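For reference, my_file-v2.txt is printed below; it contains compact mmCIF, C-alpha atoms and all ligand atoms.
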```txt
# COMPACT_ATOMS: atom_id res chain seq x y z
CA MET A 76 3.31 -13.95 21.82
CA THR A 77 0.79 -15.20 24.38
CA VAL A 78 -2.69 -16.29 23.28
CA ALA A 79 -4.13 -13.02 24.65
CA GLN A 80 -1.53 -10.94 22.78
CA THR A 81 -2.24 -12.83 19.55
CA ALA A 82 -5.98 -12.18 19.95
CA ALA A 83 -5.35 -8.49 20.74
CA ALA A 84 -3.17 -8.12 17.65
CA LYS A 85 -6.15 -9.19 15.52
CA ARG A 86 -8.63 -6.75 17.06
CA VAL A 87 -9.05 -3.03 16.46
CA SER A 88 -11.67 -1.22 18.56
CA TYR A 89 -13.13 2.09 17.47
CA GLN A 90 -16.13 4.31 17.58
CA LEU A 91 -17.53 5.52 14.30
CA ASP A 92 -20.52 7.69 13.45
CA THR A 93 -22.78 6.35 10.75
CA LEU A 94 -24.49 8.98 8.63
CA TRP A 95 -27.54 8.61 6.43
CA ASP A 96 -27.92 10.86 3.40
CA PHE A 97 -31.58 11.56 2.71
CA ASP A 98 -30.87 14.33 0.21
CA TYR A 99 -30.13 12.01 -2.71
CA GLU A 100 -28.36 14.89 -4.42
CA PRO A 101 -25.12 14.35 -6.36
CA THR A 102 -22.26 16.26 -4.72
CA HIS A 103 -19.16 15.06 -6.52
CA GLN A 104 -19.54 15.19 -10.29
CA GLU A 105 -16.26 13.33 -10.83
CA LEU A 106 -17.56 10.42 -8.79
CA GLU A 107 -20.41 9.74 -11.17
CA ALA A 108 -18.02 8.77 -13.98
CA LEU A 109 -15.75 6.91 -11.58
CA TYR A 110 -18.67 4.89 -10.22
CA GLU A 111 -19.79 3.98 -13.77
CA THR A 112 -16.26 2.85 -14.68
CA ALA A 113 -16.06 0.83 -11.47
CA LYS A 114 -19.27 -1.04 -12.33
CA LYS A 115 -18.23 -1.60 -15.94
CA ASN A 116 -14.70 -2.84 -15.17
CA GLN A 117 -15.47 -5.54 -12.63
CA TRP A 118 -13.55 -8.77 -13.22
CA ASN A 119 -13.57 -12.24 -11.75
CA GLY A 120 -10.33 -13.28 -10.09
CA SER A 121 -10.98 -16.96 -10.72
CA THR A 122 -11.46 -16.69 -14.47
CA ALA A 123 -9.67 -13.49 -15.58
CA ILE A 124 -6.30 -14.95 -14.59
CA ASP A 125 -5.04 -18.27 -15.93
CA TRP A 126 -4.19 -20.09 -12.68
CA SER A 127 -3.15 -23.31 -14.43
CA ARG A 128 0.36 -22.02 -15.12
CA PRO A 129 3.16 -22.84 -12.68
CA VAL A 130 4.29 -19.61 -11.01
CA GLY A 131 7.87 -18.39 -11.03
CA ARG A 132 9.04 -20.89 -13.65
CA GLU A 133 8.65 -18.98 -16.92
CA GLY A 134 10.59 -16.01 -15.60
CA PRO A 135 11.58 -14.37 -12.32
CA VAL A 136 8.77 -13.31 -9.98
CA LEU A 137 10.68 -10.24 -8.82
CA ASN A 138 13.94 -9.53 -10.57
CA VAL A 139 16.22 -9.72 -7.52
CA GLN A 140 19.30 -9.00 -9.62
CA VAL A 141 17.81 -5.58 -10.36
CA ALA A 142 16.29 -5.16 -6.88
CA PHE A 143 19.64 -5.62 -5.14
CA LEU A 144 21.79 -3.85 -7.73
CA GLY A 145 24.53 -1.92 -5.94
CA THR A 146 24.50 -3.98 -2.73
CA ASN A 147 27.62 -5.70 -1.40
CA PHE A 148 26.02 -9.01 -0.44
CA PHE A 149 24.21 -9.91 -3.67
CA PRO A 150 27.10 -10.41 -6.15
CA SER A 151 28.74 -13.04 -3.94
CA LEU A 152 25.64 -15.30 -3.85
CA THR A 153 25.59 -18.60 -5.74
CA GLU A 154 22.98 -19.25 -8.46
CA GLU A 155 21.08 -21.49 -6.07
CA GLU A 156 21.05 -18.86 -3.30
CA ARG A 157 19.85 -16.21 -5.73
CA ARG A 158 16.94 -18.40 -6.74
CA GLU A 159 16.02 -19.01 -3.08
CA VAL A 160 16.27 -15.28 -2.33
CA GLU A 161 14.03 -14.56 -5.33
CA ILE A 162 11.25 -16.87 -4.13
CA LYS A 163 11.46 -15.84 -0.47
CA VAL A 164 11.78 -12.08 -0.99
CA SER A 165 8.98 -12.21 -3.57
CA ALA A 166 6.75 -14.15 -1.16
CA TRP A 167 7.59 -11.72 1.67
CA ARG A 168 6.85 -8.67 -0.46
CA LEU A 169 3.66 -10.07 -1.97
CA SER A 170 2.53 -11.15 1.54
CA GLN A 171 2.75 -7.50 2.63
CA PHE A 172 0.57 -6.56 -0.35
CA LEU A 173 -1.87 -9.30 0.60
CA HIS A 174 -2.12 -7.92 4.17
CA GLY A 175 -2.35 -4.39 2.74
CA GLU A 176 -5.25 -5.49 0.50
CA GLN A 177 -7.04 -6.93 3.52
CA GLY A 178 -6.46 -3.61 5.30
CA ALA A 179 -7.89 -1.76 2.29
CA LEU A 180 -10.95 -4.05 2.37
CA LEU A 181 -11.53 -3.26 6.06
CA VAL A 182 -11.03 0.50 5.61
CA ALA A 183 -13.20 0.69 2.46
CA SER A 184 -16.05 -1.08 4.25
CA GLN A 185 -15.78 1.37 7.19
CA LEU A 186 -15.87 4.34 4.81
CA VAL A 187 -19.39 3.55 3.62
CA ASN A 188 -20.69 4.57 7.07
CA PRO A 189 -19.17 7.92 8.13
CA ILE A 190 -18.85 9.62 4.72
CA PRO A 191 -21.71 12.13 4.61
CA GLU A 192 -22.61 12.02 0.92
CA LEU A 193 -24.41 9.19 -0.82
CA ASP A 194 -22.34 9.34 -4.02
CA CYS A 195 -19.22 8.74 -1.90
CA LYS A 196 -20.94 5.84 -0.15
CA LEU A 197 -21.86 4.29 -3.51
CA TYR A 198 -18.34 4.67 -4.82
CA ALA A 199 -16.92 3.20 -1.59
CA SER A 200 -19.23 0.19 -2.03
CA THR A 201 -17.48 -0.67 -5.30
CA GLN A 202 -14.09 -0.38 -3.62
CA VAL A 203 -15.18 -2.96 -1.03
CA VAL A 204 -15.82 -5.46 -3.83
CA ASP A 205 -12.55 -4.52 -5.58
CA GLU A 206 -10.47 -5.04 -2.44
CA GLY A 207 -12.17 -8.36 -1.70
CA ARG A 208 -11.07 -9.51 -5.14
CA HIS A 209 -7.52 -8.24 -4.55
CA VAL A 210 -7.26 -10.20 -1.31
CA GLU A 211 -8.46 -13.28 -3.20
CA VAL A 212 -5.90 -13.07 -6.04
CA PHE A 213 -2.89 -12.13 -3.89
CA GLU A 214 -3.68 -14.92 -1.41
CA ARG A 215 -3.93 -17.40 -4.25
CA TYR A 216 -0.70 -16.26 -5.85
CA VAL A 217 1.40 -16.14 -2.66
CA LYS A 218 0.24 -19.60 -1.57
CA LYS A 219 1.11 -20.99 -4.98
CA LEU A 220 4.52 -19.33 -4.91
CA HIS A 221 5.72 -20.19 -1.40
CA LYS A 222 4.05 -19.16 1.89
CA ILE A 223 2.41 -16.18 3.56
CA TYR A 224 4.84 -14.19 5.73
CA PRO A 225 3.50 -12.29 8.80
CA VAL A 226 2.36 -8.70 8.41
CA ASP A 227 5.12 -6.11 8.77
CA PRO A 228 4.73 -4.23 12.11
CA LEU A 229 4.99 -0.82 10.41
CA LEU A 230 2.25 -1.69 7.90
CA LYS A 231 0.04 -3.16 10.65
CA GLY A 232 0.57 -0.11 12.87
CA LEU A 233 -0.36 2.35 10.11
CA ILE A 234 -3.45 0.42 9.05
CA ASP A 235 -4.59 -0.01 12.67
CA GLU A 236 -4.31 3.72 13.21
CA ILE A 237 -6.39 4.34 10.07
CA LEU A 238 -8.99 1.79 11.18
CA ALA A 239 -9.21 3.18 14.72
CA SER A 240 -9.61 6.82 13.64
CA GLU A 241 -13.09 8.29 13.85
CA LEU A 242 -12.26 10.68 10.99
CA TRP A 243 -13.24 9.51 7.51
CA GLU A 244 -10.83 12.13 6.11
CA LEU A 245 -7.93 10.40 7.86
CA LYS A 246 -9.06 7.04 6.51
CA LEU A 247 -9.04 8.41 2.95
CA LEU A 248 -5.71 10.15 3.47
CA GLY A 249 -4.05 7.15 5.10
CA MET A 250 -5.42 4.42 2.86
CA GLN A 251 -6.40 5.91 -0.53
CA MET A 252 -3.62 8.50 -0.68
CA LEU A 253 -0.63 7.11 1.20
CA ILE A 254 -0.85 3.31 1.41
CA GLU A 255 -2.52 2.86 -1.97
CA GLY A 256 -0.10 5.46 -3.40
CA LEU A 257 2.76 3.30 -2.17
CA ALA A 258 1.08 0.15 -3.52
CA ILE A 259 0.56 1.61 -7.00
CA ALA A 260 4.19 2.74 -7.24
CA ALA A 261 5.38 -0.69 -6.10
CA PHE A 262 2.96 -2.58 -8.39
CA ASN A 263 4.17 -0.56 -11.38
CA LEU A 264 7.78 -1.33 -10.56
CA MET A 265 7.02 -5.04 -10.05
CA ARG A 266 5.02 -5.12 -13.27
CA ARG A 267 8.03 -3.82 -15.22
CA GLN A 268 10.46 -6.20 -13.52
CA THR A 269 8.56 -9.47 -13.42
CA GLY A 270 9.01 -12.22 -15.97
CA ASP A 271 6.14 -14.26 -14.56
CA PRO A 272 3.02 -14.04 -16.76
CA THR A 273 0.57 -14.88 -13.94
CA LEU A 274 1.89 -12.06 -11.75
CA ALA A 275 1.94 -9.71 -14.75
CA ASP A 276 -1.76 -10.41 -15.45
CA LEU A 277 -2.68 -10.10 -11.79
CA LEU A 278 -0.94 -6.73 -11.48
CA ASP A 279 -2.50 -5.40 -14.68
CA TYR A 280 -5.98 -6.12 -13.34
CA VAL A 281 -5.30 -4.86 -9.82
CA LEU A 282 -3.66 -1.65 -11.08
CA GLN A 283 -6.79 -0.77 -13.09
CA ASP A 284 -8.83 -0.81 -9.87
CA GLU A 285 -6.21 0.93 -7.72
CA ALA A 286 -6.08 3.95 -10.03
CA ARG A 287 -9.79 4.51 -9.32
CA HIS A 288 -9.31 4.20 -5.55
CA VAL A 289 -6.66 6.92 -5.50
CA ASN A 290 -8.91 9.17 -7.59
CA PHE A 291 -11.79 8.58 -5.18
CA GLY A 292 -9.67 9.64 -2.21
CA TYR A 293 -8.31 12.63 -4.06
CA PHE A 294 -11.73 13.92 -5.23
CA ALA A 295 -13.31 13.54 -1.79
CA LEU A 296 -10.40 15.13 0.10
CA LYS A 297 -9.96 17.93 -2.43
CA ARG A 298 -13.52 18.95 -1.66
CA SER A 299 -13.36 18.62 2.14
CA ILE A 300 -9.89 19.97 3.05
CA PRO A 301 -10.40 23.65 2.08
CA ALA A 302 -13.46 23.85 4.35
CA MET A 303 -11.81 22.01 7.23
CA GLU A 304 -11.13 23.68 10.58
CA PRO A 305 -7.39 24.35 11.03
CA GLY A 306 -6.91 21.98 13.98
CA LYS A 307 -8.25 19.05 12.01
CA ARG A 308 -6.17 19.93 8.97
CA GLU A 309 -3.03 20.05 11.12
CA PHE A 310 -3.92 16.66 12.52
CA LEU A 311 -4.07 15.25 8.95
CA GLU A 312 -0.80 16.99 8.05
CA ASP A 313 0.90 15.44 11.09
CA PHE A 314 -0.40 11.99 10.23
CA ALA A 315 0.80 12.27 6.61
CA PHE A 316 4.25 13.34 7.77
CA LYS A 317 4.47 10.57 10.35
CA ALA A 318 3.51 7.96 7.74
CA CYS A 319 6.00 9.27 5.15
CA ASP A 320 8.78 9.46 7.76
CA ALA A 321 8.15 5.85 8.81
CA MET A 322 7.76 4.42 5.29
CA TYR A 323 10.85 6.17 3.92
CA GLY A 324 13.34 3.38 4.67
CA ARG A 325 16.70 5.02 5.23
CA ASN A 326 18.09 3.75 8.55
CA GLU A 327 17.60 1.18 11.30
CA ARG A 328 14.33 2.63 12.56
CA THR A 329 12.44 3.28 9.31
CA GLY A 330 11.05 1.22 6.45
CA PHE A 331 9.46 -2.21 6.19
CA ARG A 332 12.10 -4.07 8.15
CA SER A 333 10.40 -7.44 8.55
CA VAL A 334 12.19 -8.50 5.34
CA LYS A 335 14.90 -9.39 7.84
CA THR A 336 12.89 -12.57 8.52
CA VAL A 337 13.96 -13.76 5.06
CA TRP A 338 17.64 -13.07 5.73
CA ALA A 339 17.42 -14.84 9.08
CA GLU A 340 15.78 -17.83 7.35
CA MET A 341 18.72 -17.94 4.96
CA GLY A 342 21.02 -18.05 8.00
CA TRP A 343 22.61 -14.69 7.18
CA ASP A 344 23.27 -11.54 9.22
CA ALA A 345 19.88 -9.83 8.80
CA GLU A 346 20.96 -6.47 10.29
CA GLU A 347 23.97 -6.28 8.00
CA ILE A 348 21.94 -7.03 4.85
CA TRP A 349 19.29 -4.47 5.87
CA ARG A 350 21.98 -1.80 6.27
CA ASP A 351 23.57 -2.85 2.96
CA THR A 352 20.20 -2.65 1.16
CA ILE A 353 19.14 0.76 2.47
CA SER A 354 22.56 2.30 1.88
CA ASN A 355 23.39 0.74 -1.48
CA SER A 356 20.39 -0.61 -3.40
CA GLN A 357 20.00 1.57 -6.49
CA THR A 358 16.46 0.32 -7.05
CA LEU A 359 15.39 1.23 -3.51
CA LYS A 360 16.80 4.73 -3.98
CA ALA A 361 15.05 5.15 -7.33
CA PHE A 362 11.83 3.81 -5.85
CA ASN A 363 11.92 6.22 -2.89
CA ARG A 364 12.58 9.12 -5.25
CA LEU A 365 9.62 8.14 -7.40
CA LEU A 366 7.27 7.43 -4.52
CA PHE A 367 7.96 10.44 -2.32
CA THR A 368 9.24 13.22 -4.52
CA GLU A 369 7.21 12.45 -7.64
CA VAL A 370 3.99 10.96 -6.25
CA LEU A 371 3.17 11.52 -2.57
CA ILE A 372 4.60 14.97 -1.85
CA PRO A 373 3.14 16.67 -4.96
CA ARG A 374 -0.20 15.06 -4.08
CA LEU A 375 -0.07 16.36 -0.49
CA GLN A 376 0.81 19.80 -1.89
CA ARG A 377 -2.17 19.74 -4.25
CA LEU A 378 -4.45 18.73 -1.38
CA GLY A 379 -3.25 21.62 0.79
CA LEU A 380 -1.55 19.39 3.35
CA MET A 381 1.96 20.82 2.94
CA SER A 382 1.77 23.98 5.04
CA ASP A 383 4.65 26.24 6.09
CA ARG A 384 4.33 24.60 9.50
CA ILE A 385 4.98 21.04 8.29
CA GLU A 386 7.28 21.65 5.29
CA PRO A 387 10.51 22.01 7.33
CA ARG A 388 9.99 18.55 8.80
CA TYR A 389 9.98 16.98 5.31
CA ARG A 390 13.11 18.98 4.56
CA GLU A 391 14.80 17.69 7.74
CA ILE A 392 14.40 14.07 6.64
CA GLY A 393 15.52 14.80 3.09
CA LEU A 394 12.18 14.44 1.29
CA LEU A 395 12.04 18.08 0.16
CA ASP A 396 14.83 20.27 -1.20
FE FE B 401 -6.45 -3.18 -3.63
FE FE B 402 -7.29 -0.24 -3.52
```
Using C-alpha cells, write down the structure that the file contains.
Amino acid sequence: MTVAQTAAAKRVSYQLDTLWDFDYEPTHQELEALYETAKKNQWNGSTAIDWSRPVGREGPVLNVQVAFLGTNFFPSLTEEERREVEIKVSAWRLSQFLHGEQGALLVASQLVNPIPELDCKLYASTQVVDEGRHVEVFERYVKKLHKIYPVDPLLKGLIDEILASELWELKLLGMQMLIEGLAIAAFNLMRRQTGDPTLADLLDYVLQDEARHVNFGYFALKRSIPAMEPGKREFLEDFAFKACDAMYGRNERTGFRSVKTVWAEMGWDAEEIWRDTISNSQTLKAFNRLLFTEVLIPRLQRLGLMSDRIEPRYREIGLLD
C-alpha cells in the first residue's frame, strides 16, 4: 500500500444530519429501563479484570482442538504446532473483535446525532462509553497474548458502509443487529471454550453490555420499520442480505478470510487450509447454524425485513429452508 492508500483506508467521509429534540418527551418506554441498567452496570476495565495473571498459560485461549474438529490438516500437527496455532489464531480472532469494537465505538458516537428522539440519544451515549471500554480491554488482552493482526477486509468494508450511510436505521441494523449479533454469538462460543480465566472474565463483562446494545437496536428499529416508506425498507433488506451473504463463510469468496495470514505465517498452504476449514470444521458449521438460522434470520423476520421479495435470496444461499 502507498502512503496515500494507507491514509485513505483510515478515512471514511460522510454527510450526516444532526437533529435536536426539543420535545423532551419519552418515546420508547423500553429504553428507560435499558438506560437505567446501562448506568448502573458500568465497570472499569482496569480494575474489574485481574490483569496480573499471565494469559494463555492456565488453559487454552481458544480451544483449537474443538475449533478445527473435523478438518484434515489439524490431526497431523505436532503438539508444538498446535500451541502456535492456538496463540496465533486466537490473536487473529481477538484482533478482529478489537477492530469491531472500535467500529462499534465510531458508529455509536455517530448515532447520537441523527436519531430523532432524545431517549435514543441518551441510550446511545451510554453505548459510546461501553464500546470505549471494550476497545480498551480487547487491546490490552491481544497485546498481552501476542500481537494485533490487521483488520479483515470484509469486516472493514461492512463497517465503512455503516459509517458512511446517512441513515441511522442502517447504522442500527448493520451494527447493533448484524455485527453485534455476530459478536455475541462468537463471544458466547469463546466463553464456553476458553480455559483462560482473564479472557473468561473479559467476555463475561463485555457480554453484559452487548446484550443491551442489541436490545437498543431492536427496540428502535421495531418502532421505525413499520412506518418506513417501502423504498427505504427494501434498501435495509438488501443491506441485511448482502451482509449475511458475505459473512456466511462457505466458499472462496465469503467469510472472514484474512485468517489465511496466520496459515501463511506458519509456512503452510493458506488456500488449502481455508478450504479444509469451511468444508470440514464441525464447529464452524454449528456456529453458522446458530448465528444465521437461530439468531439473525428470526430477528430480521421479527423486524419485518424478510419480505417475499428477499426471502428467495436467503433460500438460494442455503440460509432458509
Ligand atoms: Fe462492544
Ligand atoms: Fe456493543
Practice problem: Fewer than 2 positions away in the same chain doesn't count, so skip those; otherwise give me all residues within 12 Å of Val370 (chain A), counting all atoms listed in the file, as an NGL selection string. | Solution: :A and (252-261 or 289 or 319 or 362-368 or 372-377 or 394)
Sort by chain and increasing residue number a table of all residues of region 84-180 of chain A within 8 Å of region 213-233 of chain A, each with its closest pair of atoms and their distance in Å to one decimal, counting all atoms listed in the file, and write it as a Markdown table.
```
| residue | atom | partner | partner_atom | distance |
| --- | --- | --- | --- | --- |
| A:Val130 | CA | A:Leu220 | CA | 6.1 |
| A:Gly131 | CA | A:Leu220 | CA | 7.0 |
| A:Ile162 | CA | A:His221 | CA | 7.0 |
| A:Lys163 | CA | A:His221 | CA | 7.3 |
| A:Ala166 | CA | A:Val217 | CA | 5.9 |
| A:Trp167 | CA | A:Tyr224 | CA | 5.5 |
| A:Leu169 | CA | A:Val217 | CA | 6.5 |
| A:Ser170 | CA | A:Ile223 | CA | 5.4 |
| A:Gln171 | CA | A:Val226 | CA | 5.9 |
| A:Phe172 | CA | A:Phe213 | CA | 7.5 |
| A:Leu173 | CA | A:Phe213 | CA | 5.4 |
| A:His174 | CA | A:Val226 | CA | 6.2 |
| A:Gly175 | CA | A:Leu230 | CA | 7.4 |
```
Self-check item: Environment of ligand FE 401 (chain B) within 7 Å, counting all atoms listed in the file, reported as a VMD selection string
Solution: chain A and resid 176 179 205 to 206 209 281 285
Self-check item: Among the residues A:Met265, A:Val334, A:Val160, A:Ala113, the one that comes closest to ligand FE 402 (chain B) [using only C-alpha atoms and all ligand atoms]
Solution: A:Ala113
Quiz item: Which one of A:Asp125, A:Asp271, A:Asp344, A:Glu192 sits closest to Pro101 (chain A) if you count only C-alpha atoms?
Solution: A:Glu192
Quiz item: Rounded to one decimal in Å, what is the spacing between CA of Pro272 (chain A) and CA of Val139 (chain A)?
Solution: 16.7 Å
Env of Trp343 (chain A): 12 Å cut, atoms = only C-alpha atoms, seq-sep filter 5 positions within chain, self excluded. Answer as an mmCIF file with C-alpha atoms, in the frame of the given file.
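Full text of around.cif as output:
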```cif
data_model
loop_
_atom_site.group_PDB
_atom_site.id
_atom_site.type_symbol
_atom_site.label_atom_id
_atom_site.label_comp_id
_atom_site.auth_asym_id
_atom_site.auth_seq_id
_atom_site.Cartn_x
_atom_site.Cartn_y
_atom_site.Cartn_z
ATOM 1 C CA PHE A 148 26.020 -9.010 -0.440
ATOM 2 C CA PHE A 149 24.210 -9.910 -3.670
ATOM 3 C CA LEU A 152 25.640 -15.300 -3.850
ATOM 4 C CA GLU A 156 21.050 -18.860 -3.300
ATOM 5 C CA VAL A 160 16.270 -15.280 -2.330
ATOM 6 C CA LYS A 335 14.900 -9.390 7.840
ATOM 7 C CA THR A 336 12.890 -12.570 8.520
ATOM 8 C CA VAL A 337 13.960 -13.760 5.060
ATOM 9 C CA TRP A 338 17.640 -13.070 5.730
ATOM 10 C CA ILE A 348 21.940 -7.030 4.850
ATOM 11 C CA TRP A 349 19.290 -4.470 5.870
#
```
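Residue nearest Asp92 (chain A) within the list A:Leu248, A:Ala142, A:Ile385, A:Val187: A:Val187 [criterion: smallest interatomic distance, all atoms listed in the file].
Nearest to ligand FE 402 (chain B) of all the residues A:Lys307, A:His288, A:Arg350, A:Arg388 is A:His288, based on all atoms listed in the file.
One finds CA of Thr146 (chain A) at 18.4 Å from CA of Arg168 (chain A).
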Quiz item: Between CA of Phe331 (chain A) and CA of Leu282 (chain A), what is the spacing in Å?
Solution: 21.7 Å
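Distances here use all atoms listed in the file; by that measure, the residue among A:Arg132, A:Arg390, A:Lys246, A:Arg158 closest to Leu186 (chain A) is A:Lys246.
Considering the residues A:Leu359, A:Ala321, A:Leu180, A:Ala302 and counting only C-alpha atoms and all ligand atoms, ligand FE 402 (chain B) has its shortest atom-to-atom contact with A:Leu180.
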Could you rebuild region 115-137 of chain A with N, CA and C atoms and give it back as a PDB file, in the coordinates of the input?
```pdb
ATOM      1  N   LYS A 115     -18.514  -1.013 -14.620  1.00  0.00           N
ATOM      2  CA  LYS A 115     -18.230  -1.600 -15.940  1.00  0.00           C
ATOM      3  C   LYS A 115     -16.994  -2.507 -15.898  1.00  0.00           C
ATOM      4  N   ASN A 116     -15.991  -2.122 -15.125  1.00  0.00           N
ATOM      5  CA  ASN A 116     -14.700  -2.840 -15.170  1.00  0.00           C
ATOM      6  C   ASN A 116     -14.521  -3.901 -14.089  1.00  0.00           C
ATOM      7  N   GLN A 117     -15.607  -4.445 -13.591  1.00  0.00           N
ATOM      8  CA  GLN A 117     -15.470  -5.540 -12.630  1.00  0.00           C
ATOM      9  C   GLN A 117     -14.902  -6.773 -13.339  1.00  0.00           C
ATOM     10  N   TRP A 118     -14.110  -7.537 -12.653  1.00  0.00           N
ATOM     11  CA  TRP A 118     -13.550  -8.770 -13.220  1.00  0.00           C
ATOM     12  C   TRP A 118     -13.584  -9.876 -12.183  1.00  0.00           C
ATOM     13  N   ASN A 119     -13.481 -11.096 -12.657  1.00  0.00           N
ATOM     14  CA  ASN A 119     -13.570 -12.240 -11.750  1.00  0.00           C
ATOM     15  C   ASN A 119     -12.180 -12.847 -11.587  1.00  0.00           C
ATOM     16  N   GLY A 120     -11.685 -12.801 -10.363  1.00  0.00           N
ATOM     17  CA  GLY A 120     -10.330 -13.280 -10.090  1.00  0.00           C
ATOM     18  C   GLY A 120     -10.103 -14.735 -10.446  1.00  0.00           C
ATOM     19  N   SER A 121     -11.154 -15.537 -10.416  1.00  0.00           N
ATOM     20  CA  SER A 121     -10.980 -16.960 -10.720  1.00  0.00           C
ATOM     21  C   SER A 121     -10.811 -17.221 -12.214  1.00  0.00           C
ATOM     22  N   THR A 122     -11.491 -16.391 -13.034  1.00  0.00           N
ATOM     23  CA  THR A 122     -11.460 -16.690 -14.470  1.00  0.00           C
ATOM     24  C   THR A 122     -10.610 -15.708 -15.290  1.00  0.00           C
ATOM     25  N   ALA A 123     -10.431 -14.475 -14.790  1.00  0.00           N
ATOM     26  CA  ALA A 123      -9.670 -13.490 -15.580  1.00  0.00           C
ATOM     27  C   ALA A 123      -8.204 -13.897 -15.674  1.00  0.00           C
ATOM     28  N   ILE A 124      -7.710 -14.560 -14.635  1.00  0.00           N
ATOM     29  CA  ILE A 124      -6.300 -14.950 -14.590  1.00  0.00           C
ATOM     30  C   ILE A 124      -6.190 -16.446 -14.820  1.00  0.00           C
ATOM     31  N   ASP A 125      -5.244 -16.836 -15.668  1.00  0.00           N
ATOM     32  CA  ASP A 125      -5.040 -18.270 -15.930  1.00  0.00           C
ATOM     33  C   ASP A 125      -4.193 -18.851 -14.781  1.00  0.00           C
ATOM     34  N   TRP A 126      -4.866 -19.548 -13.871  1.00  0.00           N
ATOM     35  CA  TRP A 126      -4.190 -20.090 -12.680  1.00  0.00           C
ATOM     36  C   TRP A 126      -3.552 -21.450 -12.938  1.00  0.00           C
ATOM     37  N   SER A 127      -3.682 -21.963 -14.174  1.00  0.00           N
ATOM     38  CA  SER A 127      -3.150 -23.310 -14.430  1.00  0.00           C
ATOM     39  C   SER A 127      -1.639 -23.292 -14.648  1.00  0.00           C
ATOM     40  N   ARG A 128      -1.076 -22.097 -14.864  1.00  0.00           N
ATOM     41  CA  ARG A 128       0.360 -22.020 -15.120  1.00  0.00           C
ATOM     42  C   ARG A 128       1.146 -22.180 -13.813  1.00  0.00           C
ATOM     43  N   PRO A 129       2.330 -22.808 -13.888  1.00  0.00           N
ATOM     44  CA  PRO A 129       3.160 -22.840 -12.680  1.00  0.00           C
ATOM     45  C   PRO A 129       3.701 -21.431 -12.452  1.00  0.00           C
ATOM     46  N   VAL A 130       3.807 -20.985 -11.197  1.00  0.00           N
ATOM     47  CA  VAL A 130       4.290 -19.610 -11.010  1.00  0.00           C
ATOM     48  C   VAL A 130       5.803 -19.609 -10.754  1.00  0.00           C
ATOM     49  N   GLY A 131       6.445 -18.564 -11.261  1.00  0.00           N
ATOM     50  CA  GLY A 131       7.870 -18.390 -11.030  1.00  0.00           C
ATOM     51  C   GLY A 131       8.761 -19.331 -11.833  1.00  0.00           C
ATOM     52  N   ARG A 132       8.209 -19.985 -12.851  1.00  0.00           N
ATOM     53  CA  ARG A 132       9.040 -20.890 -13.650  1.00  0.00           C
ATOM     54  C   ARG A 132       9.391 -20.285 -15.009  1.00  0.00           C
ATOM     55  N   GLU A 133       8.421 -19.519 -15.570  1.00  0.00           N
ATOM     56  CA  GLU A 133       8.650 -18.980 -16.920  1.00  0.00           C
ATOM     57  C   GLU A 133       9.578 -17.780 -16.905  1.00  0.00           C
ATOM     58  N   GLY A 134       9.709 -17.168 -15.751  1.00  0.00           N
ATOM     59  CA  GLY A 134      10.590 -16.010 -15.600  1.00  0.00           C
ATOM     60  C   GLY A 134      10.607 -15.628 -14.144  1.00  0.00           C
ATOM     61  N   PRO A 135      11.511 -14.721 -13.735  1.00  0.00           N
ATOM     62  CA  PRO A 135      11.580 -14.370 -12.320  1.00  0.00           C
ATOM     63  C   PRO A 135      10.293 -13.710 -11.830  1.00  0.00           C
ATOM     64  N   VAL A 136       9.951 -13.946 -10.567  1.00  0.00           N
ATOM     65  CA  VAL A 136       8.770 -13.310  -9.980  1.00  0.00           C
ATOM     66  C   VAL A 136       9.115 -11.836  -9.768  1.00  0.00           C
ATOM     67  N   LEU A 137      10.116 -11.588  -8.913  1.00  0.00           N
ATOM     68  CA  LEU A 137      10.680 -10.240  -8.820  1.00  0.00           C
ATOM     69  C   LEU A 137      12.104 -10.390  -9.324  1.00  0.00           C
TER      70      LEU A 137
END
```
